[in-house]
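The file structure_10.csv comes next; it holds CSV, C-alpha atoms and all ligand atoms.
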chain,number,residue,atom,x,y,z
A,540,MET,CA,-5.0,5.6,-16.9
A,541,PRO,CA,-6.8,7.4,-14.0
A,542,ALA,CA,-5.6,10.8,-12.9
A,543,ARG,CA,-2.9,10.6,-10.3
A,544,TRP,CA,-4.4,11.3,-6.9
A,545,VAL,CA,-1.9,12.9,-4.5
A,546,GLY,CA,-4.0,13.5,-1.4
A,547,ARG,CA,-5.0,16.7,0.2
A,548,GLY,CA,-6.6,15.9,3.6
A,549,VAL,CA,-7.4,18.7,5.8
A,550,LYS,CA,-7.8,18.4,9.6
A,551,GLY,CA,-11.5,18.1,10.4
A,552,ILE,CA,-12.3,16.6,7.0
A,553,ALA,CA,-12.6,12.8,7.0
A,554,ALA,CA,-10.0,10.9,4.9
A,555,ARG,CA,-11.1,9.1,1.7
A,556,MET,CA,-11.7,5.5,2.5
A,557,LEU,CA,-9.8,3.1,0.2
A,558,ASP,CA,-12.1,0.1,-0.4
A,559,GLY,CA,-10.1,-3.1,-0.2
A,560,THR,CA,-13.1,-5.3,-0.6
A,561,ALA,CA,-14.1,-3.8,-3.9
A,562,THR,CA,-10.5,-3.9,-5.2
A,563,ALA,CA,-10.2,-7.5,-4.1
A,564,ALA,CA,-13.4,-8.3,-5.9
A,565,ALA,CA,-12.0,-6.7,-9.1
A,566,ILE,CA,-8.8,-8.7,-8.8
A,567,ARG,CA,-10.7,-11.9,-8.3
A,568,GLY,CA,-13.0,-11.2,-11.2
A,569,GLU,CA,-10.0,-10.8,-13.5
A,570,LEU,CA,-8.9,-14.3,-12.6
A,571,HIS,CA,-12.1,-16.1,-13.7
A,572,GLY,CA,-11.1,-16.3,-17.4
A,573,ARG,CA,-7.6,-17.4,-16.6
A,574,ILE,CA,-8.9,-20.1,-14.2
A,575,ALA,CA,-11.3,-21.4,-16.9
A,576,ALA,CA,-8.5,-21.4,-19.5
A,577,PHE,CA,-6.3,-23.3,-17.2
A,578,ARG,CA,-9.0,-25.9,-16.5
A,579,ALA,CA,-9.5,-26.3,-20.2
A,580,ARG,CA,-5.8,-26.8,-21.0
A,581,ALA,CA,-4.8,-28.8,-17.9
A,582,GLY,CA,-8.0,-30.9,-17.5
A,583,ARG,CA,-8.1,-29.9,-13.8
A,584,PRO,CA,-8.5,-26.7,-11.6
A,585,PRO,CA,-5.5,-24.9,-10.0
A,586,GLY,CA,-4.7,-26.6,-6.7
A,587,LEU,CA,-3.8,-25.0,-3.4
A,588,GLY,CA,-2.6,-27.0,-0.4
A,589,ILE,CA,-2.6,-25.3,3.0
A,590,VAL,CA,-0.8,-26.7,6.0
A,591,LEU,CA,-2.0,-25.6,9.4
A,592,ALA,CA,0.0,-26.7,12.5
A,593,GLY,CA,-1.8,-26.2,15.8
A,594,SER,CA,-5.0,-24.2,16.3
A,595,ASP,CA,-4.1,-20.6,16.9
A,596,PRO,CA,-7.5,-18.8,16.7
A,597,GLY,CA,-6.2,-16.1,14.3
A,598,SER,CA,-4.7,-18.7,12.0
A,599,GLU,CA,-7.9,-20.7,12.0
A,600,ILE,CA,-9.8,-17.7,10.8
A,601,TYR,CA,-7.2,-16.7,8.1
A,602,VAL,CA,-7.0,-20.3,6.8
A,603,ARG,CA,-10.8,-20.7,6.7
A,604,ASN,CA,-11.1,-17.5,4.7
A,605,LYS,CA,-8.3,-18.6,2.3
A,606,LEU,CA,-9.9,-22.0,1.7
A,607,LYS,CA,-13.4,-20.6,1.3
A,608,THR,CA,-12.2,-18.0,-1.3
A,609,ALA,CA,-10.2,-20.6,-3.3
A,610,ALA,CA,-13.2,-22.9,-3.4
A,611,GLU,CA,-15.4,-20.0,-4.5
A,612,GLU,CA,-13.0,-19.4,-7.4
A,613,GLY,CA,-13.3,-23.1,-8.4
A,614,MET,CA,-9.9,-24.1,-7.3
A,615,HIS,CA,-9.0,-27.5,-5.8
A,616,THR,CA,-8.1,-27.0,-2.1
A,617,GLU,CA,-6.7,-29.2,0.6
A,618,LEU,CA,-6.2,-28.5,4.3
A,619,ILE,CA,-3.6,-30.6,6.0
A,620,ARG,CA,-3.5,-30.2,9.8
A,621,VAL,CA,-0.6,-31.0,12.0
A,622,PRO,CA,-1.3,-31.2,15.8
A,623,ALA,CA,0.0,-28.4,18.0
A,624,ASP,CA,2.3,-30.9,19.8
A,625,GLY,CA,3.5,-32.3,16.5
A,626,HIS,CA,7.2,-32.3,15.4
A,627,VAL,CA,8.5,-30.0,12.7
A,628,ASP,CA,9.4,-33.2,10.8
A,629,ASP,CA,5.6,-33.8,10.4
A,630,VAL,CA,5.3,-30.4,8.7
A,631,LEU,CA,8.3,-31.1,6.6
A,632,ALA,CA,7.0,-34.5,5.5
A,633,THR,CA,3.7,-32.8,4.5
A,634,VAL,CA,5.4,-30.1,2.5
A,635,ALA,CA,7.6,-32.8,0.8
A,636,ALA,CA,4.4,-34.7,-0.2
A,637,LEU,CA,2.7,-31.5,-1.6
A,638,ASN,CA,5.9,-30.7,-3.5
A,639,GLY,CA,5.6,-34.0,-5.3
A,640,ARG,CA,1.9,-33.7,-6.2
A,641,ASP,CA,1.1,-32.8,-9.8
A,642,ASP,CA,-2.4,-31.5,-8.9
A,643,ILE,CA,-1.1,-29.0,-6.3
A,644,ASP,CA,0.2,-25.7,-7.7
A,645,GLY,CA,0.5,-23.7,-4.5
A,646,ILE,CA,1.7,-24.6,-1.0
A,647,LEU,CA,1.1,-22.3,2.0
A,648,VAL,CA,2.2,-23.2,5.5
A,649,GLN,CA,0.3,-20.8,7.8
A,650,SER,CA,2.6,-18.8,10.1
A,651,PRO,CA,3.3,-18.9,13.0
A,652,LEU,CA,4.2,-22.5,13.6
A,653,PRO,CA,3.7,-23.7,17.2
A,654,GLU,CA,6.6,-22.6,19.5
A,655,GLY,CA,7.3,-26.2,20.5
A,656,MET,CA,8.5,-26.9,17.0
A,657,GLY,CA,11.6,-24.9,17.6
A,658,ALA,CA,13.1,-21.5,16.8
A,659,ASP,CA,14.2,-22.5,13.3
A,660,ALA,CA,11.1,-24.5,12.3
A,661,GLU,CA,9.8,-21.7,10.0
A,662,THR,CA,13.1,-21.5,8.2
A,663,GLN,CA,13.3,-25.2,7.7
A,664,VAL,CA,9.8,-25.3,6.3
A,665,ILE,CA,10.3,-22.3,4.0
A,666,ASP,CA,13.6,-23.9,2.7
A,667,LEU,CA,11.7,-27.0,1.7
A,668,ILE,CA,8.8,-25.4,-0.3
A,669,GLY,CA,9.5,-25.8,-4.0
A,670,PRO,CA,9.9,-22.3,-5.4
A,671,ALA,CA,7.5,-23.0,-8.3
A,672,LYS,CA,4.8,-23.6,-5.7
A,673,ASP,CA,5.7,-20.8,-3.3
A,674,VAL,CA,2.5,-18.8,-3.4
A,675,ASP,CA,3.4,-16.9,-0.2
A,676,GLY,CA,6.7,-15.7,-1.9
A,677,PHE,CA,8.6,-16.6,1.3
A,678,THR,CA,11.4,-18.9,-0.2
A,679,PRO,CA,14.9,-17.5,-0.7
A,680,VAL,CA,14.4,-17.9,-4.5
A,681,SER,CA,11.3,-15.7,-4.4
A,682,VAL,CA,12.9,-13.2,-2.0
A,683,GLY,CA,15.9,-12.9,-4.2
A,684,ARG,CA,13.8,-12.4,-7.3
A,685,LEU,CA,11.9,-9.7,-5.5
A,686,VAL,CA,15.0,-7.9,-4.4
A,687,GLN,CA,16.4,-8.0,-7.9
A,688,ASN,CA,13.1,-6.8,-9.3
A,689,ARG,CA,12.7,-9.9,-11.5
A,690,PRO,CA,9.3,-11.5,-12.2
A,691,GLY,CA,8.2,-14.0,-9.5
A,692,LEU,CA,5.8,-14.8,-6.8
A,693,VAL,CA,5.5,-11.8,-4.4
A,694,PRO,CA,4.2,-12.0,-0.8
A,695,CYS,CA,0.4,-11.5,-0.8
A,696,THR,CA,-0.2,-8.6,1.6
A,697,PRO,CA,2.4,-6.2,0.2
A,698,ALA,CA,1.4,-7.2,-3.4
A,699,GLY,CA,-2.2,-6.4,-2.5
A,700,VAL,CA,-1.2,-3.0,-1.1
A,701,ILE,CA,0.5,-2.1,-4.4
A,702,GLU,CA,-2.5,-3.2,-6.3
A,703,LEU,CA,-4.7,-1.0,-4.2
A,704,LEU,CA,-2.5,2.1,-4.5
A,705,GLU,CA,-2.2,1.6,-8.3
A,706,ARG,CA,-5.9,0.9,-8.9
A,707,GLU,CA,-6.8,4.0,-6.8
A,708,GLY,CA,-4.6,6.1,-8.9
A,709,ILE,CA,-2.3,7.0,-6.0
A,710,ALA,CA,1.2,8.1,-7.2
A,711,ILE,CA,4.2,6.2,-5.8
A,712,SER,CA,7.1,7.4,-7.9
A,713,GLY,CA,9.1,10.2,-6.3
A,714,ARG,CA,7.1,10.2,-3.1
A,715,ARG,CA,8.3,9.5,0.4
A,716,ALA,CA,7.1,6.1,1.8
A,717,VAL,CA,7.5,5.0,5.4
A,718,VAL,CA,6.9,1.4,6.4
A,719,ILE,CA,6.5,0.7,10.1
A,720,GLY,CA,7.5,-2.9,10.7
A,721,ARG,CA,10.3,-5.0,9.3
A,722,SER,CA,8.8,-8.5,9.1
A,723,ASP,CA,9.7,-10.9,6.2
A,724,ILE,CA,6.0,-11.3,5.5
A,725,VAL,CA,5.0,-7.6,5.1
A,726,GLY,CA,7.6,-4.9,6.1
A,727,LYS,CA,10.6,-5.9,4.0
A,728,PRO,CA,8.8,-7.0,0.8
A,729,MET,CA,6.5,-3.9,1.1
A,730,ALA,CA,9.6,-1.6,1.2
A,731,MET,CA,11.1,-3.4,-1.9
A,732,LEU,CA,7.9,-3.1,-3.9
A,733,LEU,CA,7.7,0.6,-3.1
A,734,LEU,CA,11.4,1.1,-3.9
A,735,HIS,CA,10.9,-0.6,-7.3
A,736,ARG,CA,8.2,1.9,-8.1
A,737,HIS,CA,10.6,4.7,-7.3
A,738,ALA,CA,9.4,5.8,-3.9
A,739,THR,CA,12.0,7.0,-1.4
A,740,VAL,CA,11.6,4.4,1.3
A,741,THR,CA,12.3,4.3,5.0
A,742,ILE,CA,11.7,1.2,7.2
A,743,CYS,CA,11.0,1.9,10.9
A,744,HIS,CA,11.0,-0.6,13.7
A,745,SER,CA,11.0,-1.0,17.5
A,746,ARG,CA,14.4,0.8,17.9
A,747,THR,CA,13.7,3.7,15.6
A,748,GLN,CA,14.2,6.9,17.4
A,749,ASP,CA,11.4,9.5,17.4
A,750,LEU,CA,9.1,7.2,15.3
A,751,PRO,CA,6.3,9.8,15.0
A,752,ALA,CA,8.7,12.4,13.5
A,753,VAL,CA,10.0,9.9,10.9
A,754,ALA,CA,6.4,8.7,10.1
A,755,ARG,CA,5.4,12.3,9.6
A,756,THR,CA,7.8,12.6,6.6
A,757,ALA,CA,5.6,10.0,4.7
A,758,ASP,CA,3.4,10.8,1.8
A,759,ILE,CA,2.5,7.0,2.0
A,760,LEU,CA,2.6,5.5,5.4
A,761,VAL,CA,2.3,1.7,5.8
A,762,ALA,CA,1.6,0.4,9.4
A,763,ALA,CA,2.5,-3.3,9.8
A,764,ILE,CA,3.4,-3.7,13.4
A,765,GLY,CA,0.6,-5.8,14.9
A,766,ARG,CA,-0.2,-3.3,17.8
A,767,PRO,CA,-3.8,-2.0,17.9
A,768,ALA,CA,-4.3,1.8,17.3
A,769,PHE,CA,-0.5,2.3,17.6
A,770,VAL,CA,-0.3,4.9,14.8
A,771,THR,CA,-1.9,8.1,16.3
A,772,PRO,CA,-2.6,11.4,14.5
A,773,ASP,CA,0.8,12.8,15.5
A,774,PHE,CA,2.4,10.1,13.2
A,775,VAL,CA,0.6,11.4,10.1
A,776,LYS,CA,1.4,14.3,7.8
A,777,PRO,CA,-1.9,16.0,6.8
A,778,GLY,CA,-3.1,14.6,3.6
A,779,ALA,CA,-0.9,11.5,3.7
A,780,VAL,CA,-2.1,8.1,2.4
A,781,VAL,CA,-2.2,5.7,5.3
A,782,ILE,CA,-2.3,1.9,4.8
A,783,ASP,CA,-3.3,-0.1,7.8
A,784,VAL,CA,-2.1,-3.7,7.6
A,785,GLY,CA,-3.0,-4.6,11.3
A,786,ILE,CA,-5.6,-7.1,12.1
A,787,ASN,CA,-5.7,-7.2,15.9
A,788,PRO,CA,-8.5,-8.8,17.9
A,789,VAL,CA,-9.2,-6.7,21.0
A,790,SER,CA,-11.4,-7.7,24.0
A,791,ASP,CA,-10.4,-5.0,26.5
A,792,ALA,CA,-13.5,-2.8,26.8
A,793,ALA,CA,-11.7,0.2,28.3
A,794,LEU,CA,-9.2,0.2,25.5
A,795,VAL,CA,-11.9,0.0,22.8
A,796,ARG,CA,-13.9,2.8,24.5
A,797,SER,CA,-10.8,5.0,24.5
A,798,TRP,CA,-10.4,4.7,20.7
A,799,PHE,CA,-14.0,5.3,19.4
A,800,PRO,CA,-16.5,8.1,20.1
A,801,PRO,CA,-19.5,7.0,22.2
A,802,ASP,CA,-21.9,7.0,19.2
A,803,SER,CA,-19.6,4.9,17.0
A,804,PRO,CA,-21.1,1.8,15.4
A,805,ARG,CA,-17.8,0.1,16.1
A,806,LEU,CA,-18.6,0.4,19.9
A,807,ALA,CA,-22.0,-1.1,19.3
A,808,ALA,CA,-20.4,-4.0,17.5
A,809,PHE,CA,-18.0,-4.5,20.3
A,810,ALA,CA,-20.9,-4.5,22.9
A,811,LYS,CA,-22.6,-7.2,20.9
A,812,ARG,CA,-19.7,-9.6,20.4
A,813,GLY,CA,-17.3,-8.7,23.2
A,814,THR,CA,-14.4,-8.5,20.8
A,815,LEU,CA,-13.4,-6.2,17.9
A,816,THR,CA,-10.9,-6.4,15.1
A,817,VAL,CA,-8.8,-3.2,15.2
A,818,GLY,CA,-6.0,-2.1,12.9
A,819,ASP,CA,-2.6,-0.7,13.8
A,820,VAL,CA,-3.9,2.8,13.0
A,821,HIS,CA,-5.9,4.8,15.5
A,822,PRO,CA,-9.4,5.8,14.3
A,823,ALA,CA,-8.6,9.5,14.8
A,824,VAL,CA,-6.1,9.3,12.0
A,825,ALA,CA,-9.1,9.5,9.6
A,826,GLU,CA,-9.3,13.3,10.4
A,827,VAL,CA,-5.7,13.9,9.4
A,828,ALA,CA,-4.9,11.5,6.5
A,829,GLY,CA,-5.9,12.2,3.0
A,830,ALA,CA,-6.8,8.5,2.3
A,831,LEU,CA,-7.0,5.5,4.6
A,832,THR,CA,-7.6,1.8,4.4
A,833,PRO,CA,-10.3,0.7,6.9
A,834,VAL,CA,-10.1,-2.4,9.2
A,835,PRO,CA,-11.9,-4.6,8.4
A,836,GLY,CA,-12.4,-4.2,4.6
A,837,GLY,CA,-9.0,-2.8,3.7
A,838,VAL,CA,-5.9,-4.8,3.3
A,839,GLY,CA,-7.3,-8.2,4.6
A,840,PRO,CA,-9.4,-9.0,1.5
A,841,LEU,CA,-6.5,-7.9,-0.8
A,842,THR,CA,-4.2,-10.4,0.8
A,843,ILE,CA,-6.6,-13.3,0.0
A,844,ALA,CA,-7.2,-12.0,-3.6
A,845,MET,CA,-3.4,-11.9,-4.2
A,846,LEU,CA,-3.1,-15.5,-2.8
A,847,MET,CA,-5.6,-16.5,-5.5
A,848,ALA,CA,-3.7,-14.5,-8.1
A,849,ASN,CA,-0.4,-16.2,-7.1
A,850,THR,CA,-1.9,-19.6,-7.2
A,851,VAL,CA,-3.3,-19.1,-10.7
A,852,ARG,CA,0.1,-17.7,-11.8
A,853,ALA,CA,2.0,-20.7,-10.3
A,854,ALA,CA,-0.5,-23.0,-12.0
A,855,GLU,CA,0.0,-21.3,-15.4
A,856,LEU,CA,3.8,-21.3,-15.1
A,857,ARG,CA,3.9,-25.0,-14.1
A,858,LEU,CA,1.7,-25.9,-17.1
A,859,ALA,CA,4.0,-24.0,-19.4
A,860,LEU,CA,7.1,-26.1,-18.2
A,901,LIG,N1,0.5,-15.5,8.8
A,901,LIG,C1,0.1,-14.2,8.7
A,901,LIG,N2,0.1,-13.8,7.4
A,901,LIG,C2,0.5,-14.8,6.7
A,901,LIG,C3,0.7,-15.0,5.3
A,901,LIG,O1,0.5,-14.1,4.4
A,901,LIG,N3,1.1,-16.3,4.9
A,901,LIG,C4,1.3,-17.3,5.8
A,901,LIG,N4,1.7,-18.5,5.3
A,901,LIG,N5,1.2,-17.1,7.1
A,901,LIG,C5,0.7,-15.9,7.5
What does the file become when written as structure tokens?
Ligand code: GUN
Amino acid sequence: MPARWVGRGVKGIAARMLDGTATAAAIRGELHGRIAAFRARAGRPPGLGIVLAGSDPGSEIYVRNKLKTAAEEGMHTELIRVPADGHVDDVLATVAALNGRDDIDGILVQSPLPEGMGADAETQVIDLIGPAKDVDGFTPVSVGRLVQNRPGLVPCTPAGVIELLEREGIAISGRRAVVIGRSDIVGKPMAMLLLHRHATVTICHSRTQDLPAVARTADILVAAIGRPAFVTPDFVKPGAVVIDVGINPVSDAALVRSWFPPDSPRLAAFAKRGTLTVGDVHPAVAEVAGALTPVPGGVGPLTIAMLMANTVRAAELRLAL
């Protein structure tokens, strides 16, 4: 058990960077033996089916990374595309077919679905995914299990954040955690996981009054809002652990220049590509926080590692039935 690290950032001293890429590699490495054992027993690899409706540029990148990683781990992968102008029934029929397939252990329908599919399309789709194959942890059965702190498939991004905190030796029990964002994918499950590890948890959102003051109470601050550089140093108690869940592509040069010092390599990268992926946390927070996840290389790789872990788990549990 590593010593518990509680953070002691001092203004002017850069935060310790929490390396999500290395932790993700460790998590993936631990799956290799389990994947080999599953193959030997089942006579096939774990199988992951991903449904992508439309061609949202962000979703295309996420799905490509998920498929690539699963293939690298020796899993069977399938991508089923539904056209952007397709009907929600097309997605439902695809999910129903994947539910019935013996060689598919995990089903992931990339969110968001095209707006034209209707306001309740995501709910309809989530309700149809068989809970045993719910590697996103989005079905009501998975959510209920999470809330009741029972074993189950947990949403990948918050599960990855917990893995990072625990493997970095960062204490959770008894500490104040503030989660900014109340989405079903990150904010709500993140709060539950922290609560089950005995943190005192506050969830903030767009109607929270004096958000910086609430955020400043946090020993562990999780930013999951989807707004680039939203969390500025005035949100952060000196020494706090700051987890940046945001993955925001930005192409506005003036904005990018306002966030980074003139000699920053990030500015050079922007000049080369004309776009930059920026988190929800302002770069200047590194001078106040005790520890911080970078973007890229922080939470993103962990999300994919936990998708792999959930798929292996789902495969093992299905085999045991
Ligand atoms: N869109 C953004 N994050 C996720 C995720 O974790 N799962 C799915 N299915 N869609 C997403």
**Asked** Quick one: residues within 10 Å of ligand LIG 901 (chain A), with only C-alpha atoms and all ligand atoms, as a PyMOL selection string?
**Response** chain A and resi 589-591+597-598+601-602+646-652+661+665+673-677+694-697+723-725+786+839+842-843+845-846
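A straight line drawn from atom CA of A:Ala738 to atom CA of A:Ala779 is 14.0 Å long.
Nearest to A:Thr616 of all the residues A:Val700, A:Met729, A:Met847, A:Ala808 is A:Met847, counting all atoms listed in the file.
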**Asked** Closest to A:Ala828 among A:Arg555, A:Ala810, A:Val761, A:Arg580, using all atoms listed in the file?
**Response** A:Arg555
**Asked** For A:Lys672, which residue out of A:Asp641, A:Asp773, A:Asp629, A:Asp659 is the nearest one, using all atoms listed in the file?
**Response**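 Going through A:Asp641, A:Asp773, A:Asp629, A:Asp659 one by one, the smallest distance to A:Lys672 is for A:Asp641.
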**Item:** Top pick for closest residue to A:Trp798, considering A:Gly713, A:Pro822, A:Pro596, A:Gly655 and counting only C-alpha atoms
**Value:**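 Result for the nearest residue to A:Trp798: A:Pro822.
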**Request:** For each of A:Lys811, A:Thr747, A:Ala844, A:Gly818, take the minimum atom-to-atom distance to A:Arg766, counting only C-alpha atoms, then give the residue where this is smallest.
**Result:**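 Between A:Lys811, A:Thr747, A:Ala844, A:Gly818, the residue approaching A:Arg766 most closely is A:Gly818.
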**Request:** Pick out the closest residue to A:Gly720 from this set: A:Gly699, A:Pro679, A:Gly785, A:Gly625. Count only C-alpha atoms.
**Result:**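 Looking at the shortest contact to A:Gly720, the residue is A:Gly785.
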**Item:** Near-A:Ser681 list (8 Å; only C-alpha atoms; drop same-chain fewer than 6 positions) as JSON, numbers by chain
**Value:** {"A": [670, 673, 691, 692, 693]}
I'd like the neighbourhood of A:Gln687 as a short mmCIF file (atom, residue, chain, number, x, y, z; two decimals) with C-alpha atoms, keeping the file's coordinate frame, where a residue qualifies if any of its atoms comes within 10 Å (using all atoms listed in the file), though same-chain residues fewer than 5 positions away should be ignored.
data_model
loop_
_atom_site.label_atom_id
_atom_site.label_comp_id
_atom_site.auth_asym_id
_atom_site.auth_seq_id
_atom_site.Cartn_x
_atom_site.Cartn_y
_atom_site.Cartn_z
CA SER A 681 11.30 -15.70 -4.40
CA VAL A 682 12.90 -13.20 -2.00
CA MET A 731 11.10 -3.40 -1.90
CA HIS A 735 10.90 -0.60 -7.30
#
Neighbour residues at most 9 Å from (-9.8, -5.4, 23.5) (all atoms listed in the file) as a CSV table (one decimal) with C-alpha atoms, keeping the file's coordinate frame:
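File written: point00.csv
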chain,number,residue,atom,x,y,z
A,767,PRO,CA,-3.8,-2.0,17.9
A,787,ASN,CA,-5.7,-7.2,15.9
A,788,PRO,CA,-8.5,-8.8,17.9
A,789,VAL,CA,-9.2,-6.7,21.0
A,790,SER,CA,-11.4,-7.7,24.0
A,791,ASP,CA,-10.4,-5.0,26.5
A,792,ALA,CA,-13.5,-2.8,26.8
A,793,ALA,CA,-11.7,0.2,28.3
A,794,LEU,CA,-9.2,0.2,25.5
A,795,VAL,CA,-11.9,0.0,22.8
A,809,PHE,CA,-18.0,-4.5,20.3
A,813,GLY,CA,-17.3,-8.7,23.2
A,814,THR,CA,-14.4,-8.5,20.8
A,815,LEU,CA,-13.4,-6.2,17.9
A,816,THR,CA,-10.9,-6.4,15.1
A,817,VAL,CA,-8.8,-3.2,15.2
**Asked** atom CA of A:Arg684 and atom CA of A:Pro728 are how many Å apart?
**Response**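 Answer for the atom CA of A:Arg684 to atom CA of A:Pro728 separation: 10.9 Å.
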**Prompt:** Between atom CA of A:Val634 and atom CA of A:Ala671, what is the distance, to one decimal in Å?
**Reply:** 13.1 Å
**Prompt:** Leaving out A:Ala632 and any residue of its chain fewer than 6 positions from it, which residues lie within 12 Å of it when counting only C-alpha atoms, given as a PyMOL selection string?
**Reply:** chain A and resi 590+619+621+625-626+638-639+663-664+667-668
Would you write out those residues with C-alpha atoms, as a tab-separated table (two decimals), in the coordinates of the input?
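selection.tsv written:
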chain	number	residue	atom	x	y	z
A	590	VAL	CA	-0.80	-26.70	6.00
A	619	ILE	CA	-3.60	-30.60	6.00
A	621	VAL	CA	-0.60	-31.00	12.00
A	625	GLY	CA	3.50	-32.30	16.50
A	626	HIS	CA	7.20	-32.30	15.40
A	638	ASN	CA	5.90	-30.70	-3.50
A	639	GLY	CA	5.60	-34.00	-5.30
A	663	GLN	CA	13.30	-25.20	7.70
A	664	VAL	CA	9.80	-25.30	6.30
A	667	LEU	CA	11.70	-27.00	1.70
A	668	ILE	CA	8.80	-25.40	-0.30
